[in-house]
Amino acid sequence: MIKTTRILIPKNVYIGIDESNHGKFPEVYVSVLSTNPEGIIPKRLQKIRSRVRLEKIIKELEDFKYTIVERNNSDYFEKNGVRAQAISTLLLNFEIIPSRTFVYIDGEDIKGVAQDILTIYNSKSRLNFERDHLIFAVGGDTIFPVVNDADRLAYKIFTEVQRNRNYHIKEREVKILLC
């Protein structure tokens, strides 16, 4: 009898991050996780602002997390500090292997936000992210499908929060770290 051992080789993970209502409150940050490499192939994409139900959008995604930034979060951190806290909080709430994870963030790395994200994440995780795994792209939500998905979901969640301030998707919402 031959004994076989099954070895699992982890896939690369791609995370798209975007926010809705930037610079105002509440601000919604969303991270969408995908193992499909098609999600990072540059394309010309439109921002989708349709009446598609939130539940239908969610069914199309492998996984996602979101956090809502309120004014009190902004009072606690400076503007770019809020962004770094929100993004690192989202990343810390996925079970990922940083060396196999590539994060695509809509926008630019203003005033060292990338370094702040790495500092926060790496201080709270036993595995460290490297800088080259954080990819910032101005207009990333119209270039990378995984960021476009995050943009669409952030817009829909923001719309729901505007309608009902008590709106939550309990399994997917994470609270921003105040530290």
# chains A, B, ... in the order shown; residues from 1 in each chain; ligands from 1
$ residues_around --residues "range 98-114 of chain A" --least-positions-apart "3" --cutoff "6 Å" --atoms "only C-alpha atoms" --output "list in words"
Asn12, Val13, Tyr14, Ile15, Gly16, Ile17, Asp18, Ala84, Ile117, Phe129, His133, Leu134, Ile135, Phe136, Ala137, Val138 and Gly140 of chain A
$ residues_around --residues "Asp149 in chain A" --least-positions-apart "3" --cutoff "12 Å" --atoms "only C-alpha atoms" --output "JSON, numbers by chain"
{"A": [14, 15, 16, 17, 18, 19, 30, 31, 32, 33, 34, 39, 40, 45, 46, 47, 48, 49, 54, 57, 58, 59, 60, 61, 62, 63, 64, 104, 105, 106, 140, 141, 142, 143, 144, 145, 146, 152, 153, 154, 155, 156]}
$ select_by_dssp --residues "range 127-160 of chain A" --states "helix (DSSP H, G or I)" --output "VMD selection string"
chain A and resid 131 to 133 140 to 142 145 to 160
$ select_by_dssp --residues "range 2-178 of chain A" --states "strand (DSSP E or B)" --output "number ranges by chain"
A: 13-20, 27-34, 63-69, 101-106, 134-137, 173
$ closest_residue --among "A:Thr4, A:Gly139, A:Gly23, A:Thr67" --to "Arg172 in chain A" --atoms "only C-alpha atoms"
A:Thr67
$ atom_distance --atom1 "CA of Gly81 in chain A" --atom2 "CA of Ile96 in chain A"
23.1 Å
$ residues_around --residues "Lys24 in chain A" --least-positions-apart "2" --cutoff "10 Å" --atoms "only C-alpha atoms" --output "JSON, numbers by chain"
{"A": [20, 21, 22, 26, 27, 28, 69, 70, 71, 74]}
$ residues_around --residues "Lys170 in chain A" --least-positions-apart "2" --cutoff "12 Å" --atoms "only C-alpha atoms" --output "list in words"
Phe64, Lys65, Tyr66, Thr67, Asn166, Tyr167, His168, Arg172, Glu173, Val174 and Lys175 of chain A
$ closest_residue --among "A:Asp132, A:Glu160, A:Asp151, A:Asp116" --to "Arg53 in chain A" --atoms "only C-alpha atoms"
A:Glu160
$ decode --residues "range 29-101 of chain A" --atoms "C-alpha atoms" --output "short mmCIF file (atom, residue, chain, number, x, y, z; two decimals), in the first residue's frame"
data_model
loop_
_atom_site.label_atom_id
_atom_site.label_comp_id
_atom_site.auth_asym_id
_atom_site.auth_seq_id
_atom_site.Cartn_x
_atom_site.Cartn_y
_atom_site.Cartn_z
CA TYR A 29 -13.76 51.63 2.92
CA VAL A 30 -14.17 48.27 1.19
CA SER A 31 -11.72 45.48 0.44
CA VAL A 32 -12.63 42.77 -2.05
CA LEU A 33 -10.63 39.54 -2.09
CA SER A 34 -10.17 37.40 -5.19
CA THR A 35 -7.98 34.46 -6.16
CA ASN A 36 -8.69 35.09 -9.85
CA PRO A 37 -5.66 36.66 -11.56
CA GLU A 38 -8.02 38.21 -14.13
CA GLY A 39 -8.92 40.71 -11.40
CA ILE A 40 -5.60 42.50 -11.78
CA ILE A 41 -5.33 42.57 -15.56
CA PRO A 42 -5.65 46.24 -16.59
CA LYS A 43 -8.79 47.04 -18.58
CA ARG A 44 -10.91 50.07 -19.38
CA LEU A 45 -13.71 49.90 -16.86
CA GLN A 46 -16.66 52.12 -16.06
CA LYS A 47 -17.74 52.98 -12.56
CA ILE A 48 -20.98 51.09 -12.16
CA ARG A 49 -23.73 53.03 -10.41
CA SER A 50 -26.78 50.90 -11.07
CA ARG A 51 -29.82 49.88 -9.11
CA VAL A 52 -28.56 46.33 -8.79
CA ARG A 53 -29.35 45.02 -5.34
CA LEU A 54 -26.50 44.81 -2.86
CA GLU A 55 -27.16 41.10 -2.33
CA LYS A 56 -26.58 40.40 -6.04
CA ILE A 57 -23.24 42.26 -6.00
CA ILE A 58 -22.13 40.36 -2.89
CA LYS A 59 -22.96 36.97 -4.47
CA GLU A 60 -20.50 37.71 -7.29
CA LEU A 61 -17.57 38.20 -4.86
CA GLU A 62 -15.32 35.60 -3.23
CA ASP A 63 -14.96 37.61 -0.03
CA PHE A 64 -15.04 41.19 1.20
CA LYS A 65 -14.76 43.32 4.31
CA TYR A 66 -15.71 46.91 4.97
CA THR A 67 -15.33 49.55 7.62
CA ILE A 68 -17.18 52.78 8.20
CA VAL A 69 -15.12 55.81 9.15
CA GLU A 70 -17.06 58.26 11.28
CA ARG A 71 -16.08 61.79 12.22
CA ASN A 72 -14.76 60.64 15.62
CA ASN A 73 -12.24 58.39 13.79
CA SER A 74 -11.08 61.41 11.85
CA ASP A 75 -10.71 63.43 15.04
CA TYR A 76 -8.51 60.67 16.46
CA PHE A 77 -6.22 60.43 13.39
CA GLU A 78 -5.06 62.92 10.80
CA LYS A 79 -6.55 62.58 7.30
CA ASN A 80 -3.96 60.15 5.91
CA GLY A 81 -3.78 58.35 9.24
CA VAL A 82 -7.46 57.43 8.90
CA ARG A 83 -6.80 55.97 5.47
CA ALA A 84 -3.85 53.91 6.75
CA GLN A 85 -5.86 52.68 9.77
CA ALA A 86 -8.88 51.75 7.65
CA ILE A 87 -6.83 49.85 5.06
CA SER A 88 -4.66 48.01 7.58
CA THR A 89 -7.77 47.11 9.62
CA LEU A 90 -9.38 45.60 6.52
CA LEU A 91 -6.25 43.61 5.68
CA LEU A 92 -5.86 42.32 9.24
CA ASN A 93 -9.37 40.87 9.08
CA PHE A 94 -8.59 38.52 6.19
CA GLU A 95 -6.80 35.22 6.72
CA ILE A 96 -4.03 35.85 4.20
CA ILE A 97 -0.39 35.07 3.65
CA PRO A 98 1.18 38.47 2.90
CA SER A 99 3.89 37.00 0.65
CA ARG A 100 1.11 35.58 -1.57
CA THR A 101 -1.14 38.65 -1.37
#
